[in-house]
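Presented below is the structure to which this report refers.
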Amino acid sequence: MTSEALRDRLDGAIRDSRARLVSLSRDIHGYAEPSFAEHRAAARVRDELARAGFEVTEGVADLPTAFTARFGSGDFVVGVCAEYDALPEIGHACGHNIIAAAAVGAAIGLAAVADELGLTVEVVGCPAEEHGGGKVLMLERGCFDHHTVALMVHPGTADADPATTYTQGVSRFAATFSGRAAHAAAAPTDGVNAGDAAVVAQVAVGLLRQQLPATARVGLFVRDGGQATNIIPERTIVDFEVREFDLERLHDLRGRVRACFEAGALATGCTVEFEETEPEYAPLLQDTRLARPFADAVRGLGRTVQDASGMTGGSTDMGNVSQYLPSIHPMIDVKGSGNPPHTRAFADDAVAPGGDDAAIDGAIAMARAIADVASDPSVRRGLLAEQAERAPYAALAVASGSEARA
């Protein structure tokens with residue numbers, strides 16, 4: 001366990017930075033920049049870390065809004081993930097402004113004790129969590145290869161025990177049906193109706209849902225379904241996604257849903273092509289060696305940690321990070337909210353006093369958890385041994401038959 005003196009110094013560094021961290025959170029909330037366009041938010045986070053003495057590298061992984069910020073030289077390398085992208089139209093309804101501020105706060109706290117604990121603290125600025133898989137791209141390009149552990153904290157409506165919370169993996173695709181246009185009144189028999197193919201596929205997916213387990217999710221919408229009532233549509237595009245808590249079940253579900261689209265093509269005489277629209281998000285694995293001290297830290301802040309066993313909806317590219325190295329992605333309660341994320345009401349709550357407190361408490365809990373783990377000789381040795389044996393992510397991807405994205 002961390003000594004009381006070290007913990008006091010860690011806590012104090014974060015609490016002394018409260019005004020700056022709240023200002024950071026609120027500024028990012030006001031920018032509300034979507035995936036891969038978070039230029040002002042990323043710059044604001046970078047500037048705050050540079051001011052705190054971190055060595056900042058911009059544009060890592062060939063992503064303009066990605067960065068790393070490093071402090072210390074210890075052998076135990078902590079990756080603290082910061083997110084700062086917003087949702088289209090409804091802004092920071094997932095509270096990524098809180099995530100970014102908490103990451104900076106945790107890093108400042110850990111920097112204050114880095115020498116004593118043998119830490120290297122690296123904030124990883126991760127764009128495009130909502131759509132685009134920024135962390136997946138950064139993984140493939142080596143940004144997490146040198147980390148011992150990684151963590152972040154996400155705002156929500158409860159202080160959930162991370163050892164009991166999980167997220168689904170998600171695969172997203174576009175299915176494009178191609179047929180033949182014709183005059184819908186004068187020569188309908190000359191047409192091959194791509195719109196009908198989409199209808200057949202949607203009906204097939206609807207019937208498939210009766211046989212799917214409760215853990216599975218399928219969502220879709222018609223992005224392009226024709227231009228006029230008197231033209232048989234020659235092209236229809238349907239975006240769809242599948243979600244599951246297990247990678248094998250996710251891939252099985254993906255195949256079953258694709259078969260529904262292939263059935264639509266077969267029934268109407270169309271062809272269908274599939275295109276992955278975003279990197280696949282893997283299910284989240286919470287490492288208990290990090291989860292337990294985080295939960296203890298949350299309790300130490302006077303919060304009530306809840307058992308969240310059972311299904312948890314949603315997906316995150318932090319799942320891919322967690323499949324590669326020991327990680328946690330816990331939830332911190334935005335007190336006084338009660339509104340679910342991805343709503344306009346939660347976006348408002350993300351800059352209310354409860355959101356400010358969530359950023360500070362989330363930062364302290366993450367920093368305390370890492371300090372406790374780094375202070376435990378047995379746990380530290382085990383994590384460093386795992387790191388030493390871990391191959392670079394790109395090598396593992398090649399070995400498993402997958403290809404890194406260009």
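Here, A, B, ... name the chains of the structure tokens in the order displayed, residue numbers run from 1 inside each chain, and ligands are numbered from 1 in the same displayed order.
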*Running DSSP on the backbone, which parts of region 229-285 of chain A land in alpha helix (DSSP H), as a list in words?*
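Those residues are Leu247, Glu248, Arg249, Leu250, His251, Asp252, Leu253, Arg254, Gly255, Arg256, Val257, Arg258, Ala259, Cys260, Phe261, Glu262, Ala263, Gly264, Ala265, Leu266, Ala267 and Thr268 of chain A.
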*Contacts of Val170 (chain A) at 7 Å or less, counting only C-alpha atoms, minus same-chain residues fewer than 3 places along, as a ChimeraX atom specification?*
/A:241-244,280-282,315
Expected file contents, prior selection, N, CA, C and O atoms, as a tab-separated table (two decimals), in the first residue's frame:
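Below is the file part-v7.tsv, written as the result:
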chain	number	residue	atom	x	y	z
A	241	GLU	N	-24.78	-2.60	-37.35
A	241	GLU	CA	-23.79	-2.97	-36.34
A	241	GLU	C	-24.28	-4.17	-35.56
A	241	GLU	O	-25.49	-4.39	-35.42
A	242	VAL	N	-23.34	-4.95	-35.04
A	242	VAL	CA	-23.66	-6.08	-34.16
A	242	VAL	C	-22.80	-5.95	-32.92
A	242	VAL	O	-21.66	-5.49	-32.97
A	243	ARG	N	-23.38	-6.35	-31.77
A	243	ARG	CA	-22.67	-6.25	-30.49
A	243	ARG	C	-22.83	-7.54	-29.69
A	243	ARG	O	-23.90	-8.13	-29.69
A	244	GLU	N	-21.75	-7.93	-29.03
A	244	GLU	CA	-21.75	-9.08	-28.13
A	244	GLU	C	-20.63	-8.91	-27.11
A	244	GLU	O	-19.70	-8.13	-27.31
A	280	GLU	N	-13.18	-2.63	-35.59
A	280	GLU	CA	-13.95	-3.41	-34.62
A	280	GLU	C	-13.52	-3.08	-33.20
A	280	GLU	O	-12.32	-3.02	-32.91
A	281	TYR	N	-14.49	-2.85	-32.31
A	281	TYR	CA	-14.23	-2.65	-30.90
A	281	TYR	C	-14.37	-4.00	-30.19
A	281	TYR	O	-15.39	-4.68	-30.33
A	282	ALA	N	-13.36	-4.37	-29.43
A	282	ALA	CA	-13.38	-5.64	-28.72
A	282	ALA	C	-14.10	-5.49	-27.38
A	282	ALA	O	-14.19	-4.39	-26.82
A	315	SER	N	-20.21	0.06	-26.02
A	315	SER	CA	-18.92	-0.47	-26.47
A	315	SER	C	-17.89	0.65	-26.42
A	315	SER	O	-18.24	1.83	-26.45
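All residues of protein, DNA or RNA that reach within 10 Å of Thr57 (chain A), judged by only C-alpha atoms and not counting those fewer than 6 positions away in the chain, are Arg46, Ala50, Ala66, Phe67, Thr68, Ala69, Arg70, Val124 and Gly125 of chain A.
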Please produce a file of the residues just selected, as a short mmCIF file (atom, residue, chain, number, x, y, z; two decimals), in the first residue's frame, where the atoms kept are C-alpha atoms.
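So the final result, stored in selection.cif, reads:
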data_model
loop_
_atom_site.label_atom_id
_atom_site.label_comp_id
_atom_site.auth_asym_id
_atom_site.auth_seq_id
_atom_site.Cartn_x
_atom_site.Cartn_y
_atom_site.Cartn_z
CA ARG A 46 -1.65 19.22 -24.42
CA ALA A 50 3.02 20.90 -20.87
CA ALA A 66 -3.62 12.19 -31.08
CA PHE A 67 -0.71 12.87 -28.73
CA THR A 68 1.35 11.55 -25.85
CA ALA A 69 2.59 13.46 -22.81
CA ARG A 70 5.31 11.87 -20.69
CA VAL A 124 -2.30 9.05 -24.24
CA GLY A 125 -4.50 11.53 -26.09
#
_Using only C-alpha atoms: which of A:Ala128, A:Ala187, A:Cys81, A:Val113 has the shortest distance to Thr65 (chain A)_ = A:Ala128
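Remark: for Ala345 (chain A), the closest of the candidate residues A:Ala371, A:Pro213, A:His92, A:Arg289 is A:His92 (distances computed over only C-alpha atoms).
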*Run DSSP on the backbone and grab whatever in region 163-309 of chain A lands in strand (DSSP E); send it over as a ChimeraX atom specification.*
/A:169-178,217-224,235-244,271-276
Export, as a short mmCIF file (atom, residue, chain, number, x, y, z; two decimals), in the first residue's frame, the selected residues with N, CA, C and O atoms.
data_model
loop_
_atom_site.label_atom_id
_atom_site.label_comp_id
_atom_site.auth_asym_id
_atom_site.auth_seq_id
_atom_site.Cartn_x
_atom_site.Cartn_y
_atom_site.Cartn_z
N GLY A 169 -18.34 -5.95 -27.44
CA GLY A 169 -17.63 -5.67 -28.67
C GLY A 169 -18.63 -5.25 -29.73
O GLY A 169 -19.82 -5.57 -29.64
N VAL A 170 -18.16 -4.50 -30.72
CA VAL A 170 -19.06 -4.06 -31.78
C VAL A 170 -18.33 -4.08 -33.12
O VAL A 170 -17.17 -3.70 -33.22
N SER A 171 -19.03 -4.58 -34.14
CA SER A 171 -18.56 -4.52 -35.53
C SER A 171 -19.57 -3.72 -36.33
O SER A 171 -20.78 -3.95 -36.20
N ARG A 172 -19.07 -2.80 -37.15
CA ARG A 172 -19.96 -1.93 -37.94
C ARG A 172 -19.62 -2.04 -39.42
O ARG A 172 -18.44 -2.00 -39.80
N PHE A 173 -20.67 -2.15 -40.23
CA PHE A 173 -20.51 -2.35 -41.66
C PHE A 173 -21.54 -1.54 -42.44
O PHE A 173 -22.57 -1.14 -41.89
N ALA A 174 -21.25 -1.35 -43.71
CA ALA A 174 -22.24 -0.85 -44.67
C ALA A 174 -22.48 -1.96 -45.68
O ALA A 174 -21.53 -2.54 -46.22
N ALA A 175 -23.74 -2.26 -45.94
CA ALA A 175 -24.12 -3.21 -46.97
C ALA A 175 -24.70 -2.42 -48.14
O ALA A 175 -25.67 -1.69 -47.98
N THR A 176 -24.09 -2.56 -49.31
CA THR A 176 -24.54 -1.83 -50.50
C THR A 176 -25.17 -2.81 -51.47
O THR A 176 -24.50 -3.72 -51.99
N PHE A 177 -26.48 -2.66 -51.71
CA PHE A 177 -27.20 -3.45 -52.69
C PHE A 177 -27.16 -2.73 -54.03
O PHE A 177 -27.44 -1.54 -54.11
N SER A 178 -26.83 -3.47 -55.09
CA SER A 178 -26.82 -2.92 -56.44
C SER A 178 -27.81 -3.68 -57.31
O SER A 178 -27.77 -4.92 -57.36
N ARG A 217 -26.92 -7.62 -29.67
CA ARG A 217 -27.61 -6.43 -30.17
C ARG A 217 -27.33 -6.28 -31.66
O ARG A 217 -26.20 -6.48 -32.12
N VAL A 218 -28.36 -5.91 -32.41
CA VAL A 218 -28.23 -5.61 -33.83
C VAL A 218 -28.94 -4.29 -34.09
O VAL A 218 -30.10 -4.12 -33.71
N GLY A 219 -28.26 -3.35 -34.71
CA GLY A 219 -28.86 -2.07 -35.08
C GLY A 219 -28.57 -1.75 -36.53
O GLY A 219 -27.52 -2.13 -37.05
N LEU A 220 -29.51 -1.07 -37.19
CA LEU A 220 -29.28 -0.71 -38.59
C LEU A 220 -30.16 0.46 -38.98
O LEU A 220 -31.15 0.79 -38.31
N PHE A 221 -29.78 1.11 -40.08
CA PHE A 221 -30.63 2.12 -40.69
C PHE A 221 -30.29 2.23 -42.17
O PHE A 221 -29.17 1.90 -42.59
N VAL A 222 -31.27 2.65 -42.96
CA VAL A 222 -31.07 2.81 -44.40
C VAL A 222 -30.49 4.19 -44.65
O VAL A 222 -31.14 5.21 -44.44
N ARG A 223 -29.23 4.21 -45.10
CA ARG A 223 -28.56 5.49 -45.35
C ARG A 223 -28.93 6.07 -46.71
O ARG A 223 -29.04 7.27 -46.89
N ASP A 224 -29.10 5.21 -47.70
CA ASP A 224 -29.44 5.64 -49.06
C ASP A 224 -30.44 4.65 -49.61
O ASP A 224 -30.12 3.48 -49.80
N ARG A 235 -29.65 1.41 -56.23
CA ARG A 235 -28.67 1.24 -55.16
C ARG A 235 -29.31 1.60 -53.83
O ARG A 235 -30.05 2.58 -53.73
N THR A 236 -29.03 0.77 -52.83
CA THR A 236 -29.46 1.04 -51.46
C THR A 236 -28.30 0.71 -50.53
O THR A 236 -27.65 -0.32 -50.70
N ILE A 237 -28.05 1.59 -49.58
CA ILE A 237 -26.98 1.36 -48.60
C ILE A 237 -27.61 1.27 -47.22
O ILE A 237 -28.37 2.17 -46.82
N VAL A 238 -27.30 0.21 -46.51
CA VAL A 238 -27.77 0.01 -45.15
C VAL A 238 -26.58 -0.09 -44.22
O VAL A 238 -25.69 -0.94 -44.43
N ASP A 239 -26.49 0.78 -43.24
CA ASP A 239 -25.47 0.69 -42.21
C ASP A 239 -25.98 -0.21 -41.08
O ASP A 239 -27.13 -0.06 -40.64
N PHE A 240 -25.14 -1.12 -40.62
CA PHE A 240 -25.57 -1.99 -39.52
C PHE A 240 -24.41 -2.25 -38.57
O PHE A 240 -23.24 -2.11 -38.92
N GLU A 241 -24.78 -2.60 -37.35
CA GLU A 241 -23.79 -2.97 -36.34
C GLU A 241 -24.28 -4.17 -35.56
O GLU A 241 -25.49 -4.39 -35.42
N VAL A 242 -23.34 -4.95 -35.04
CA VAL A 242 -23.66 -6.08 -34.16
C VAL A 242 -22.80 -5.95 -32.92
O VAL A 242 -21.66 -5.49 -32.97
N ARG A 243 -23.38 -6.35 -31.77
CA ARG A 243 -22.67 -6.25 -30.49
C ARG A 243 -22.83 -7.54 -29.69
O ARG A 243 -23.90 -8.13 -29.69
N GLU A 244 -21.75 -7.93 -29.03
CA GLU A 244 -21.75 -9.08 -28.13
C GLU A 244 -20.63 -8.91 -27.11
O GLU A 244 -19.70 -8.13 -27.31
N THR A 271 -26.98 -7.63 -56.24
CA THR A 271 -25.73 -8.02 -55.62
C THR A 271 -25.56 -7.21 -54.34
O THR A 271 -26.19 -6.15 -54.18
N VAL A 272 -24.74 -7.71 -53.42
CA VAL A 272 -24.49 -6.98 -52.18
C VAL A 272 -23.01 -7.02 -51.88
O VAL A 272 -22.34 -8.05 -52.07
N GLU A 273 -22.48 -5.88 -51.45
CA GLU A 273 -21.09 -5.78 -51.02
C GLU A 273 -21.05 -5.21 -49.61
O GLU A 273 -21.85 -4.34 -49.26
N PHE A 274 -20.09 -5.71 -48.81
CA PHE A 274 -19.95 -5.28 -47.42
C PHE A 274 -18.65 -4.50 -47.26
O PHE A 274 -17.62 -4.87 -47.81
N GLU A 275 -18.73 -3.44 -46.48
CA GLU A 275 -17.55 -2.64 -46.17
C GLU A 275 -17.54 -2.33 -44.69
O GLU A 275 -18.53 -1.84 -44.14
N GLU A 276 -16.42 -2.63 -44.02
CA GLU A 276 -16.28 -2.26 -42.62
C GLU A 276 -16.16 -0.75 -42.53
O GLU A 276 -15.28 -0.15 -43.14
#
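With only C-alpha atoms as the atoms that count, the minimum distance from Ile108 (chain A) to the choices A:Val203, A:Leu325, A:Leu21, A:Leu384 is reached by A:Leu21.
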_Residue contacts of Ser327 (chain A) (9 Å, only C-alpha atoms) excluding same-chain residues fewer than 3 positions away, as a list of chain:residue names_ =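 So, after excluding close chain neighbours, the residues are A:Val149, A:Ala150, A:Leu151, A:Met152, A:Leu284, A:Leu285, A:Gln286, A:Asp287, A:Thr288, A:Leu290, A:Ala291, A:Met318, A:Gly319, A:Val321, A:Ser322, A:Gln323, A:Tyr324.
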*Pick the closest to Val379 (chain A) from A:Lys335, A:Pro293, A:Val305, A:Phe346: which is it, counting only C-alpha atoms?*
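For Val379 (chain A), the nearest of the candidates is A:Pro293.
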*Choose the residue, out of A:Gln202, A:Gln306, A:Gln168, A:Ser337, that has the smallest atom-to-atom separation from Gly156 (chain A); count only C-alpha atoms.*
A:Ser337
*Please measure the separation of CA of His96 (chain A) and CA of Glu129 (chain A), giving the value in Å to one decimal.*
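Atom-to-atom, CA of His96 (chain A) and CA of Glu129 (chain A) are spaced 9.3 Å apart.
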_Need to verify the contact set: Gly105 (chain A), 9 Å, only C-alpha atoms, exclusion of same-chain residues closer than 6 positions in sequence. Can you return it as a list of chain:residue names?_
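Residues near the query, excluding close chain neighbours: A:Ala13, A:Ile14, A:Arg15, A:Ser17, A:Arg18, A:Leu21, A:Ala359, A:Ile360, A:Gly362, A:Ala363, A:Ile364, A:Ala367.
Nearest to Thr164 (chain A) of all the residues A:Gly133, A:Gly142, A:Gly74, A:Pro330 is A:Pro330, counting only C-alpha atoms.
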